[in-house]
file entry09.cif (mmCIF, C-alpha atoms and all ligand atoms)
data_work
#
loop_
_atom_site.label_atom_id
_atom_site.label_comp_id
_atom_site.auth_asym_id
_atom_site.auth_seq_id
_atom_site.Cartn_x
_atom_site.Cartn_y
_atom_site.Cartn_z
CA MET Z 1 -0.51 136.27 37.83
CA GLN Z 2 2.53 138.32 38.89
CA GLU Z 3 2.13 137.03 42.41
CA GLN Z 4 2.06 133.45 41.22
CA ILE Z 5 5.16 133.95 39.09
CA ASP Z 6 7.04 135.57 41.98
CA GLN Z 7 6.23 132.67 44.24
CA TYR Z 8 7.30 130.07 41.69
CA THR Z 9 10.48 132.00 40.91
CA GLY Z 10 11.42 131.80 44.59
CA GLU Z 11 10.66 128.09 44.60
CA ILE Z 12 12.80 127.44 41.53
CA ASN Z 13 15.74 129.44 42.82
CA ALA Z 14 15.68 127.61 46.13
CA PHE Z 15 15.25 124.18 44.55
CA SER Z 16 18.04 121.78 45.46
CA PRO Z 17 17.26 118.15 44.57
CA ALA Z 18 18.77 115.33 46.60
CA SER Z 19 18.31 112.84 43.81
CA ALA Z 20 17.59 112.49 40.11
CA ALA Z 21 14.02 111.51 41.04
CA ASP Z 22 13.53 114.88 42.77
CA LEU Z 23 14.71 116.59 39.63
CA GLU Z 24 12.24 114.65 37.53
CA THR Z 25 9.42 115.70 39.84
CA PHE Z 26 10.58 119.28 39.35
CA ARG Z 27 10.53 118.87 35.58
CA ILE Z 28 7.02 117.44 35.56
CA LYS Z 29 5.78 120.11 37.94
CA PHE Z 30 7.11 123.09 35.98
CA LEU Z 31 7.91 121.95 32.48
CA GLY Z 32 5.62 118.96 31.97
CA THR Z 33 2.77 118.95 29.45
CA LYS Z 34 0.35 119.55 32.29
CA GLY Z 35 2.82 121.59 34.28
CA ILE Z 36 2.76 125.08 35.76
CA ILE Z 37 4.34 126.80 32.79
CA LYS Z 38 1.87 125.26 30.39
CA ASP Z 39 -0.90 126.40 32.70
CA LEU Z 40 0.45 129.95 32.90
CA PHE Z 41 0.67 130.16 29.13
CA ASP Z 42 -2.96 128.96 28.91
CA GLN Z 43 -3.99 131.68 31.37
CA PHE Z 44 -1.99 134.18 29.34
CA LYS Z 45 -4.16 133.51 26.27
CA SER Z 46 -7.21 134.92 28.00
CA VAL Z 47 -5.77 138.18 29.38
CA GLY Z 48 -6.38 141.56 27.80
CA PRO Z 49 -3.97 143.17 25.32
CA GLU Z 50 -2.60 145.56 27.94
CA GLU Z 51 -1.59 142.73 30.27
CA LYS Z 52 -0.29 140.67 27.36
CA ARG Z 53 2.37 143.27 26.79
CA THR Z 54 3.42 143.26 30.45
CA TYR Z 55 3.29 139.54 31.05
CA GLY Z 56 4.61 138.28 27.72
CA LYS Z 57 8.15 139.16 28.67
CA VAL Z 58 7.80 138.14 32.33
CA LEU Z 59 6.38 134.79 31.40
CA ASN Z 60 9.10 134.05 28.86
CA GLN Z 61 11.77 134.95 31.37
CA PHE Z 62 10.16 132.69 33.92
CA LYS Z 63 10.05 129.80 31.45
CA GLN Z 64 13.68 130.32 30.64
CA LEU Z 65 14.58 130.32 34.34
CA ALA Z 66 12.89 126.94 34.86
CA GLU Z 67 14.48 125.45 31.74
CA THR Z 68 17.99 126.66 32.60
CA LYS Z 69 17.72 125.44 36.19
CA TYR Z 70 16.55 122.05 34.96
CA ALA Z 71 19.27 121.77 32.30
CA GLU Z 72 22.04 122.65 34.75
CA LEU Z 73 20.92 120.19 37.39
CA LYS Z 74 20.44 117.46 34.81
CA GLU Z 75 23.99 117.89 33.59
CA THR Z 76 25.32 117.67 37.13
CA PHE Z 77 23.43 114.44 37.77
CA ASP Z 78 24.40 112.97 34.41
CA SER Z 79 28.08 113.55 35.16
CA GLY Z 80 27.73 111.44 38.30
CA LEU Z 81 28.15 114.31 40.73
CA LYS Z 82 25.70 115.38 43.35
CA PRO Z 83 24.75 119.05 42.94
CA GLN Z 84 26.43 119.92 46.27
CA ASP Z 85 29.74 118.52 44.98
CA SER Z 86 30.00 121.10 42.32
CA GLU Z 87 29.93 123.87 44.87
CA LEU Z 88 33.40 124.56 46.14
CA ASP Z 89 33.43 124.53 49.94
CA LEU Z 90 36.78 125.83 51.08
CA THR Z 91 36.03 125.03 54.70
CA LEU Z 92 36.08 121.27 54.05
CA PRO Z 93 39.25 119.46 55.18
CA GLY Z 94 41.61 118.80 52.27
CA GLU Z 95 42.10 115.35 50.86
CA GLY Z 96 45.50 114.06 51.89
CA PHE Z 97 47.70 112.58 49.19
CA GLU Z 98 50.07 109.75 49.83
CA VAL Z 99 53.71 110.56 50.06
CA GLY Z 100 55.93 108.10 48.25
CA SER Z 101 58.80 106.34 49.90
CA ARG Z 102 62.41 105.78 49.02
CA HIS Z 103 63.44 102.32 47.97
CA PRO Z 104 65.33 100.64 50.83
CA LEU Z 105 68.38 100.19 48.59
CA SER Z 106 68.38 103.91 47.83
CA LEU Z 107 68.18 104.66 51.54
CA THR Z 108 71.21 102.48 52.22
CA ARG Z 109 73.14 103.88 49.26
CA MET Z 110 72.45 107.43 50.40
CA GLU Z 111 73.51 106.59 53.93
CA ILE Z 112 76.77 105.00 52.77
CA ILE Z 113 77.52 107.95 50.51
CA ASP Z 114 76.80 110.33 53.36
CA ILE Z 115 79.25 108.65 55.71
CA PHE Z 116 82.07 108.58 53.17
CA LYS Z 117 81.39 112.12 52.00
CA ARG Z 118 82.08 113.29 55.54
CA LEU Z 119 85.47 111.61 55.24
CA GLY Z 120 86.23 113.55 52.08
CA PHE Z 121 85.32 110.87 49.50
CA VAL Z 122 83.74 112.01 46.25
CA VAL Z 123 81.11 110.01 44.35
CA ALA Z 124 81.97 108.61 40.92
CA GLU Z 125 80.10 106.43 38.43
CA GLY Z 126 80.92 104.34 35.39
CA PRO Z 127 79.12 102.43 32.63
CA GLU Z 128 77.18 99.20 33.23
CA ILE Z 129 78.25 97.80 29.87
CA GLU Z 130 81.97 97.28 30.24
CA ASP Z 131 84.88 96.00 28.20
CA ASP Z 132 87.19 93.21 29.25
CA TRP Z 133 89.96 95.65 30.13
CA HIS Z 134 88.04 97.64 32.74
CA ASN Z 135 86.12 94.74 34.24
CA PHE Z 136 88.95 92.18 34.26
CA SER Z 137 92.33 92.70 32.64
CA ALA Z 138 93.30 96.02 34.21
CA LEU Z 139 92.24 94.62 37.56
CA ASN Z 140 94.91 91.96 37.27
CA PHE Z 141 92.65 89.08 36.22
CA PRO Z 142 95.02 87.27 33.84
CA GLU Z 143 93.45 85.92 30.66
CA GLU Z 144 92.28 82.32 31.02
CA HIS Z 145 92.87 82.65 34.75
CA PRO Z 146 90.32 80.80 36.93
CA ALA Z 147 89.78 84.00 38.95
CA ARG Z 148 87.59 85.16 36.07
CA ASP Z 149 85.20 82.39 36.98
CA MET Z 150 84.75 83.87 40.46
CA GLN Z 151 82.05 85.94 38.82
CA ASP Z 152 79.59 84.44 36.33
CA THR Z 153 79.52 86.96 33.57
CA PHE Z 154 76.82 88.01 31.10
CA PHE Z 155 78.78 88.54 27.91
CA ILE Z 156 77.42 90.76 25.18
CA LYS Z 157 80.29 90.01 22.82
CA LYS Z 158 82.72 87.21 23.51
CA ASN Z 159 85.87 86.31 21.60
CA ASN Z 160 87.81 85.05 24.60
CA GLY Z 161 89.95 88.06 24.17
CA LYS Z 162 90.60 91.65 24.82
CA ASP Z 163 87.58 92.94 22.91
CA ASP Z 164 84.99 91.07 25.00
CA ILE Z 165 82.07 93.22 26.08
CA ALA Z 166 80.02 92.31 29.15
CA LEU Z 167 77.62 93.64 31.74
CA ARG Z 168 79.95 94.66 34.52
CA THR Z 169 80.21 92.06 37.26
CA HIS Z 170 81.40 94.51 39.89
CA THR Z 171 81.93 98.22 40.43
CA SER Z 172 85.70 97.69 40.66
CA SER Z 173 85.72 98.60 36.95
CA VAL Z 174 84.99 102.20 37.95
CA GLN Z 175 88.26 102.28 39.96
CA VAL Z 176 90.16 101.66 36.74
CA ARG Z 177 88.28 104.37 34.84
CA MET Z 178 88.90 106.82 37.64
CA MET Z 179 92.63 106.10 37.87
CA GLU Z 180 93.08 106.14 34.09
CA ASN Z 181 91.39 109.49 33.76
CA GLY Z 182 92.91 111.41 36.63
CA LYS Z 183 95.94 112.00 38.75
CA PRO Z 184 96.41 110.78 42.34
CA PRO Z 185 95.44 111.34 45.09
CA PHE Z 186 92.06 109.64 44.67
CA ARG Z 187 89.45 109.34 47.35
CA ALA Z 188 86.15 108.15 45.88
CA ILE Z 189 83.19 105.88 46.36
CA MET Z 190 81.46 104.42 43.37
CA PRO Z 191 77.90 103.13 43.72
CA GLY Z 192 76.19 101.22 40.94
CA ARG Z 193 74.33 98.23 39.60
CA VAL Z 194 76.18 95.04 38.67
CA TYR Z 195 75.15 91.85 36.90
CA ARG Z 196 75.97 88.17 37.29
CA ASN Z 197 74.69 85.11 35.55
CA GLU Z 198 73.12 83.50 38.59
CA ALA Z 199 69.86 81.61 39.07
CA ILE Z 200 67.46 83.87 40.95
CA SER Z 201 66.68 82.75 44.50
CA ALA Z 202 66.23 84.25 47.96
CA ARG Z 203 70.01 84.51 48.27
CA ALA Z 204 71.18 85.31 44.73
CA HIS Z 205 70.02 87.55 41.91
CA CYS Z 206 71.18 88.26 38.39
CA PHE Z 207 71.58 91.93 39.23
CA PHE Z 208 72.38 93.72 42.45
CA HIS Z 209 74.13 96.84 43.71
CA GLN Z 210 77.57 97.58 45.03
CA VAL Z 211 79.55 100.45 46.42
CA GLU Z 212 83.21 100.49 45.61
CA GLY Z 213 85.72 102.54 47.56
CA LEU Z 214 89.16 103.72 46.47
CA TYR Z 215 91.81 105.70 48.30
CA ILE Z 216 95.17 106.27 46.60
CA ASP Z 217 97.85 108.59 47.92
CA GLU Z 218 101.42 108.47 49.17
CA ASN Z 219 101.96 106.31 52.26
CA VAL Z 220 98.48 104.79 52.49
CA SER Z 221 98.64 101.66 54.63
CA PHE Z 222 96.48 98.77 55.75
CA ALA Z 223 96.00 100.62 59.04
CA ASP Z 224 94.28 103.44 57.12
CA LEU Z 225 91.99 100.91 55.50
CA LYS Z 226 91.09 99.34 58.83
CA GLN Z 227 90.43 102.64 60.54
CA THR Z 228 88.31 103.97 57.68
CA LEU Z 229 86.14 100.86 57.54
CA TYR Z 230 85.91 100.67 61.33
CA HIS Z 231 84.60 104.24 61.41
CA PHE Z 232 82.16 103.45 58.60
CA VAL Z 233 80.69 100.51 60.50
CA GLN Z 234 80.29 102.51 63.72
CA GLU Z 235 78.42 105.19 61.79
CA LEU Z 236 76.23 102.77 59.88
CA TYR Z 237 75.37 100.15 62.48
CA GLY Z 238 76.06 102.04 65.69
CA GLU Z 239 78.86 102.44 68.21
CA GLY Z 240 80.16 99.20 69.59
CA THR Z 241 79.70 97.14 66.43
CA LYS Z 242 82.77 94.93 66.27
CA VAL Z 243 84.80 94.30 63.12
CA ARG Z 244 87.27 91.60 62.17
CA PHE Z 245 89.37 91.07 59.05
CA ARG Z 246 89.98 87.64 57.54
CA PRO Z 247 92.66 87.04 54.90
CA SER Z 248 91.16 86.50 51.47
CA TYR Z 249 92.00 86.66 47.78
CA PHE Z 250 91.09 89.17 45.08
CA PRO Z 251 93.24 89.59 41.98
CA PHE Z 252 93.25 93.38 42.31
CA THR Z 253 94.37 93.68 45.95
CA GLU Z 254 97.40 92.43 47.83
CA PRO Z 255 97.03 91.66 50.65
CA SER Z 256 93.27 91.06 50.47
CA ALA Z 257 90.77 90.64 53.25
CA GLU Z 258 87.11 90.15 53.94
CA MET Z 259 85.58 92.16 56.73
CA ASP Z 260 83.03 90.74 59.15
CA ILE Z 261 81.00 92.68 61.67
CA SER Z 262 79.38 91.40 64.84
CA CYS Z 263 75.89 90.24 63.88
CA THR Z 264 73.55 93.23 63.81
CA ILE Z 265 70.58 91.04 64.64
CA CYS Z 266 71.73 89.10 67.71
CA GLY Z 267 74.68 91.29 68.68
CA GLY Z 268 77.05 88.35 68.42
CA SER Z 269 75.32 85.77 70.55
CA GLY Z 270 74.26 83.69 67.53
CA CYS Z 271 71.10 83.57 65.42
CA ASN Z 272 70.11 82.19 62.07
CA MET Z 273 71.08 85.44 60.27
CA CYS Z 274 74.74 84.84 61.25
CA LYS Z 275 74.38 81.06 61.11
CA TYR Z 276 75.08 80.98 64.86
CA THR Z 277 78.63 82.31 64.41
CA GLY Z 278 77.97 85.82 65.79
CA TRP Z 279 79.68 87.34 62.71
CA VAL Z 280 78.50 88.39 59.27
CA GLU Z 281 80.65 89.25 56.29
CA ILE Z 282 79.91 92.63 54.71
CA LEU Z 283 82.72 93.47 52.31
CA GLY Z 284 85.93 92.63 50.51
CA CYS Z 285 88.95 94.91 50.67
CA GLY Z 286 92.70 95.18 50.43
CA LEU Z 287 95.66 97.25 49.33
CA VAL Z 288 95.50 97.97 45.62
CA ASP Z 289 97.84 95.58 43.81
CA PRO Z 290 100.80 97.46 42.27
CA ASN Z 291 99.97 95.79 38.94
CA VAL Z 292 96.61 97.56 38.93
CA LEU Z 293 98.26 100.92 39.62
CA GLU Z 294 100.76 100.36 36.82
CA ASN Z 295 97.95 99.29 34.45
CA CYS Z 296 96.40 102.68 35.10
CA ASN Z 297 99.69 104.54 34.62
CA ILE Z 298 100.19 105.31 38.28
CA ASP Z 299 103.66 105.05 39.75
CA SER Z 300 103.37 102.17 42.23
CA LYS Z 301 106.68 103.11 43.86
CA LYS Z 302 105.31 106.47 44.83
CA TYR Z 303 101.65 105.69 45.46
CA THR Z 304 99.83 103.06 47.45
CA GLY Z 305 96.21 102.77 48.33
CA PHE Z 306 93.30 100.70 49.48
CA ALA Z 307 90.07 99.59 47.91
CA PHE Z 308 86.92 97.94 49.13
CA GLY Z 309 83.67 96.73 47.69
CA MET Z 310 80.35 95.92 49.34
CA GLY Z 311 76.92 94.77 48.26
CA ILE Z 312 74.19 97.29 49.05
CA GLU Z 313 71.60 94.51 49.30
CA ARG Z 314 73.62 92.75 51.96
CA ILE Z 315 74.08 95.92 54.01
CA THR Z 316 70.34 96.59 53.72
CA ASN Z 317 69.38 93.03 54.70
CA LEU Z 318 71.36 93.36 57.87
CA LYS Z 319 69.89 96.73 58.68
CA TYR Z 320 66.25 95.84 58.15
CA VAL Z 321 66.31 92.04 58.57
CA ILE Z 322 65.26 91.21 55.04
CA ARG Z 323 65.80 87.61 54.11
CA ASP Z 324 64.77 87.43 50.47
CA LEU Z 325 66.69 89.38 47.81
CA ARG Z 326 63.82 89.12 45.35
CA LEU Z 327 61.76 91.57 47.42
CA PHE Z 328 64.02 94.39 46.27
CA SER Z 329 63.02 94.10 42.63
CA GLU Z 330 59.40 92.99 42.78
CA ASN Z 331 58.02 96.47 43.47
CA ASP Z 332 55.39 95.20 45.88
CA VAL Z 333 54.10 98.34 47.58
CA ARG Z 334 53.31 96.39 50.76
CA PHE Z 335 57.06 95.85 51.07
CA LEU Z 336 58.18 99.26 49.84
CA LYS Z 337 55.77 101.20 52.04
CA GLN Z 338 57.48 99.91 55.15
CA PHE Z 339 60.37 102.22 54.37
CA GLN Z 340 58.20 105.34 54.45
CA THR Z 341 60.51 108.29 54.59
CA GLU Z 342 60.38 111.95 53.97
CA ILE Z 343 61.32 112.59 50.38
CA ILE Z 344 64.37 114.76 50.43
N1 LIG Z 401 84.81 93.39 43.35
C1 LIG Z 401 84.65 92.45 44.46
C2 LIG Z 401 83.39 91.62 44.21
O1 LIG Z 401 82.54 92.05 43.50
C3 LIG Z 401 84.52 93.18 45.75
C4 LIG Z 401 85.80 93.81 46.14
C5 LIG Z 401 86.72 93.14 46.90
C6 LIG Z 401 86.10 95.10 45.77
C7 LIG Z 401 87.90 93.69 47.31
C8 LIG Z 401 87.29 95.69 46.13
C9 LIG Z 401 88.19 94.96 46.92
O2 LIG Z 401 87.61 96.92 45.80
O3 LIG Z 401 89.33 95.54 47.30
O4 LIG Z 401 83.29 90.57 44.74
#

call {"tool": "encode", "arguments": {"input": "entry09.cif", "output": "structure tokens", "more": "lines below"}}
Ligand code: DAH
result
Amino acid sequence: MQEQIDQYTGEINAFSPASAADLETFRIKFLGTKGIIKDLFDQFKSVGPEEKRTYGKVLNQFKQLAETKYAELKETFDSGLKPQDSELDLTLPGEGFEVGSRHPLSLTRMEIIDIFKRLGFVVAEGPEIEDDWHNFSALNFPEEHPARDMQDTFFIKKNNGKDDIALRTHTSSVQVRMMENGKPPFRAIMPGRVYRNEAISARAHCFFHQVEGLYIDENVSFADLKQTLYHFVQELYGEGTKVRFRPSYFPFTEPSAEMDISCTICGGSGCNMCKYTGWVEILGCGLVDPNVLENCNIDSKKYTGFAFGMGIERITNLKYVIRDLRLFSENDVRFLKQFQTEII
């Protein structure tokens, strides 16, 4: 009997079923009503009292071994795992996990910030819900002036007056906050989200992102503005990118200009990105209007300065040849994954 038990013990210990069916066969063989354990207990009935004492314990231990083995394996199968899975094999190759990617607009924003930081600009931010003063009046948009209609505004509270509250239409509002709250010189860039009441299409959206730039000090001239922006473009789009300035109008700058760069797609020879002109507009800029300085309690006789504002979407479109603005806010991973970058 001892021999039999030893042999079965070895068999049970080595048992490793490949399927639930194997386990069932095991159960029937050892624990079934006509199984080995039942048989051993039947044999046990007919042994002498001396052997009963010896084998009683051995037999019970053996039964317990079979039951425990069965219960453990059953639990593993019931949980959907294969028995092998539960054994930790440290030699197996690890399962890779997917690294996320930065949003293309974040990449562009970070790149812009990086370039201007090297020129000594600090980063500043302001609120997205703005009052009339910071978004319009301080920036020299006269009340009832048609210039206010240049930007379709989402009003939160509207009395046609000074206490209007709106979603900011541009980051130029942050200029005002910065100048009001500090003392010149100022050298800052101000990234942020802005809102306009526009129908959503491939070319327009009701929210987008801008970076505003402001440089106020004594003796700042248009030449400083041109050189700073020229350097920025060479850094961002590569050496040899051409720039040109066209006269324009903004209430808060005088003189004002729009800056074009040679088309980043065709290099200037003409393509449908630049509408076959060879040039694409990337930002508005100018010398800060003395009225704006005075509105912010800065002595416009002593200080001058320049400002500029650009759309991050536009800069990104030109960098990666993206033709539909809606892609930026749809969160389609097939789009976002194309900008796989190391998370830093
Ligand atoms: N705020 C203007 C816009 O949203 C962009 C702009 C133009 C900003 C000229 C400036 C500037 O600072 O000088 O259209």

call {"tool": "residues_around", "arguments": {"input": "entry09.cif", "residues": "Glu125 in chain Z", "least_positions_apart": "3", "cutoff": "8 Å", "atoms": "all atoms listed in the file", "output": "list in words"}}
result
Val174, Met190, Pro191 and Gly192 of chain Z

call {"tool": "residues_near_ligand", "arguments": {"input": "entry09.cif", "ligand": "ligand LIG 401 (chain Z)", "cutoff": "8 Å", "atoms": "only C-alpha atoms and all ligand atoms", "output": "PyMOL selection string"}}
result
chain Z and resi 151+169-172+175+210+212-214+250+252-253+256-258+283-288+306-311

call {"tool": "residues_around", "arguments": {"input": "entry09.cif", "residues": "Phe335 in chain Z", "least_positions_apart": "3", "cutoff": "12 Å", "atoms": "all atoms listed in the file", "output": "list of chain:residue names"}}
result
Z:Ser101, Z:Arg102, Z:His103, Z:Pro104, Z:Tyr320, Z:Ile322, Z:Asp324, Z:Arg326, Z:Leu327, Z:Phe328, Z:Ser329, Z:Glu330, Z:Asn331, Z:Asp332, Z:Gln338, Z:Phe339, Z:Gln340

call {"tool": "write_last_selection", "arguments": {"input": "entry09.cif", "atoms": "C-alpha atoms", "output": "PDB file, in the coordinates of the input"}}
result
ATOM      1  CA  SER Z 101      58.800 106.340  49.900  1.00  0.00           C
ATOM      2  CA  ARG Z 102      62.410 105.780  49.020  1.00  0.00           C
ATOM      3  CA  HIS Z 103      63.440 102.320  47.970  1.00  0.00           C
ATOM      4  CA  PRO Z 104      65.330 100.640  50.830  1.00  0.00           C
ATOM      5  CA  TYR Z 320      66.250  95.840  58.150  1.00  0.00           C
ATOM      6  CA  ILE Z 322      65.260  91.210  55.040  1.00  0.00           C
ATOM      7  CA  ASP Z 324      64.770  87.430  50.470  1.00  0.00           C
ATOM      8  CA  ARG Z 326      63.820  89.120  45.350  1.00  0.00           C
ATOM      9  CA  LEU Z 327      61.760  91.570  47.420  1.00  0.00           C
ATOM     10  CA  PHE Z 328      64.020  94.390  46.270  1.00  0.00           C
ATOM     11  CA  SER Z 329      63.020  94.100  42.630  1.00  0.00           C
ATOM     12  CA  GLU Z 330      59.400  92.990  42.780  1.00  0.00           C
ATOM     13  CA  ASN Z 331      58.020  96.470  43.470  1.00  0.00           C
ATOM     14  CA  ASP Z 332      55.390  95.200  45.880  1.00  0.00           C
ATOM     15  CA  GLN Z 338      57.480  99.910  55.150  1.00  0.00           C
ATOM     16  CA  PHE Z 339      60.370 102.220  54.370  1.00  0.00           C
ATOM     17  CA  GLN Z 340      58.200 105.340  54.450  1.00  0.00           C
TER      18      GLN Z 340
END

call {"tool": "residues_around", "arguments": {"input": "entry09.cif", "residues": "Arg118 in chain Z", "least_positions_apart": "2", "cutoff": "12 Å", "atoms": "only C-alpha atoms", "output": "JSON list (two decimals) with C-alpha atoms, in the coordinates of the input"}}
result
[["chain", "number", "residue", "atom", "x", "y", "z"],
["Z", 111, "GLU", "CA", 73.51, 106.59, 53.93],
["Z", 112, "ILE", "CA", 76.77, 105.00, 52.77],
["Z", 113, "ILE", "CA", 77.52, 107.95, 50.51],
["Z", 114, "ASP", "CA", 76.80, 110.33, 53.36],
["Z", 115, "ILE", "CA", 79.25, 108.65, 55.71],
["Z", 116, "PHE", "CA", 82.07, 108.58, 53.17],
["Z", 120, "GLY", "CA", 86.23, 113.55, 52.08],
["Z", 121, "PHE", "CA", 85.32, 110.87, 49.50],
["Z", 122, "VAL", "CA", 83.74, 112.01, 46.25],
["Z", 123, "VAL", "CA", 81.11, 110.01, 44.35],
["Z", 187, "ARG", "CA", 89.45, 109.34, 47.35],
["Z", 188, "ALA", "CA", 86.15, 108.15, 45.88],
["Z", 189, "ILE", "CA", 83.19, 105.88, 46.36],
["Z", 228, "THR", "CA", 88.31, 103.97, 57.68],
["Z", 231, "HIS", "CA", 84.60, 104.24, 61.41],
["Z", 232, "PHE", "CA", 82.16, 103.45, 58.60],
["Z", 235, "GLU", "CA", 78.42, 105.19, 61.79]]

call {"tool": "atom_distance", "arguments": {"input": "entry09.cif", "atom1": "CA of Leu225 in chain Z", "atom2": "CA of Gly305 in chain Z"}}
result
8.5 Å

call {"tool": "atom_distance", "arguments": {"input": "entry09.cif", "atom1": "CA of Phe41 in chain Z", "atom2": "CA of Leu59 in chain Z"}}
result
7.7 Å

call {"tool": "closest_residue", "arguments": {"input": "entry09.cif", "among": "Z:Asn291, Z:Ala20, Z:Val58, Z:Asp224", "to": "Ser137 in chain Z", "atoms": "all atoms listed in the file"}}
result
Z:Asn291

call {"tool": "residues_near_point", "arguments": {"input": "entry09.cif", "point": "(19.7, 117.7, 35.7)", "cutoff": "12 Å", "atoms": "all atoms listed in the file", "output": "tab-separated table (two decimals) with C-alpha atoms, keeping the file's coordinate frame"}}
result
chain	number	residue	atom	x	y	z
Z	15	PHE	CA	15.25	124.18	44.55
Z	16	SER	CA	18.04	121.78	45.46
Z	17	PRO	CA	17.26	118.15	44.57
Z	18	ALA	CA	18.77	115.33	46.60
Z	19	SER	CA	18.31	112.84	43.81
Z	20	ALA	CA	17.59	112.49	40.11
Z	21	ALA	CA	14.02	111.51	41.04
Z	22	ASP	CA	13.53	114.88	42.77
Z	23	LEU	CA	14.71	116.59	39.63
Z	24	GLU	CA	12.24	114.65	37.53
Z	25	THR	CA	9.42	115.70	39.84
Z	26	PHE	CA	10.58	119.28	39.35
Z	27	ARG	CA	10.53	118.87	35.58
Z	66	ALA	CA	12.89	126.94	34.86
Z	67	GLU	CA	14.48	125.45	31.74
Z	68	THR	CA	17.99	126.66	32.60
Z	69	LYS	CA	17.72	125.44	36.19
Z	70	TYR	CA	16.55	122.05	34.96
Z	71	ALA	CA	19.27	121.77	32.30
Z	72	GLU	CA	22.04	122.65	34.75
Z	73	LEU	CA	20.92	120.19	37.39
Z	74	LYS	CA	20.44	117.46	34.81
Z	75	GLU	CA	23.99	117.89	33.59
Z	76	THR	CA	25.32	117.67	37.13
Z	77	PHE	CA	23.43	114.44	37.77
Z	78	ASP	CA	24.40	112.97	34.41
Z	79	SER	CA	28.08	113.55	35.16
Z	80	GLY	CA	27.73	111.44	38.30
Z	81	LEU	CA	28.15	114.31	40.73
Z	82	LYS	CA	25.70	115.38	43.35
Z	83	PRO	CA	24.75	119.05	42.94

call {"tool": "closest_residue", "arguments": {"input": "entry09.cif", "among": "Z:Glu11, Z:Asp260, Z:Glu198, Z:Glu239", "to": "Met150 in chain Z", "atoms": "all atoms listed in the file"}}
result
Z:Glu198

call {"tool": "atom_distance", "arguments": {"input": "entry09.cif", "atom1": "CA of His209 in chain Z", "atom2": "CA of Glu313 in chain Z"}}
result
6.6 Å

call {"tool": "build_atoms", "arguments": {"input": "entry09.cif", "residues": "range 26-30 of chain Z", "atoms": "all heavy atoms", "output": "compact mmCIF listing (two decimals), in the coordinates of the input"}}
result
# COMPACT_ATOMS: atom_id res chain seq x y z
N PHE Z 26 10.49 117.85 39.66
CA PHE Z 26 10.58 119.28 39.35
C PHE Z 26 10.21 119.55 37.90
O PHE Z 26 9.44 120.44 37.56
CB PHE Z 26 12.02 119.74 39.64
CG PHE Z 26 12.34 121.14 39.19
CD1 PHE Z 26 12.15 122.23 40.03
CD2 PHE Z 26 12.89 121.38 37.91
CE1 PHE Z 26 12.47 123.52 39.62
CE2 PHE Z 26 13.20 122.67 37.50
CZ PHE Z 26 12.99 123.75 38.36
N ARG Z 27 10.79 118.68 37.01
CA ARG Z 27 10.53 118.87 35.58
C ARG Z 27 9.04 118.73 35.28
O ARG Z 27 8.45 119.57 34.58
CB ARG Z 27 11.32 117.83 34.77
CG ARG Z 27 11.22 118.05 33.25
CD ARG Z 27 11.78 116.89 32.45
NE ARG Z 27 11.00 115.68 32.59
CZ ARG Z 27 9.85 115.44 31.97
NH1 ARG Z 27 9.32 116.35 31.16
NH2 ARG Z 27 9.20 114.31 32.16
N ILE Z 28 8.44 117.67 35.85
CA ILE Z 28 7.02 117.44 35.56
C ILE Z 28 6.17 118.60 36.09
O ILE Z 28 5.28 119.12 35.41
CB ILE Z 28 6.56 116.09 36.16
CG1 ILE Z 28 7.29 114.96 35.42
CG2 ILE Z 28 5.05 115.92 36.08
CD1 ILE Z 28 7.22 113.62 36.10
N LYS Z 29 6.57 119.04 37.31
CA LYS Z 29 5.78 120.11 37.94
C LYS Z 29 5.82 121.41 37.13
O LYS Z 29 4.80 122.03 36.86
CB LYS Z 29 6.31 120.36 39.35
CG LYS Z 29 5.57 121.46 40.10
CD LYS Z 29 6.01 121.52 41.56
CE LYS Z 29 5.35 122.73 42.24
NZ LYS Z 29 5.89 122.94 43.58
N PHE Z 30 7.00 121.81 36.68
CA PHE Z 30 7.11 123.09 35.98
C PHE Z 30 7.07 122.99 34.47
O PHE Z 30 6.43 123.79 33.80
CB PHE Z 30 8.41 123.81 36.40
CG PHE Z 30 8.35 124.35 37.78
CD1 PHE Z 30 8.90 123.65 38.84
CD2 PHE Z 30 7.70 125.56 38.04
CE1 PHE Z 30 8.82 124.16 40.13
CE2 PHE Z 30 7.63 126.07 39.33
CZ PHE Z 30 8.19 125.36 40.39
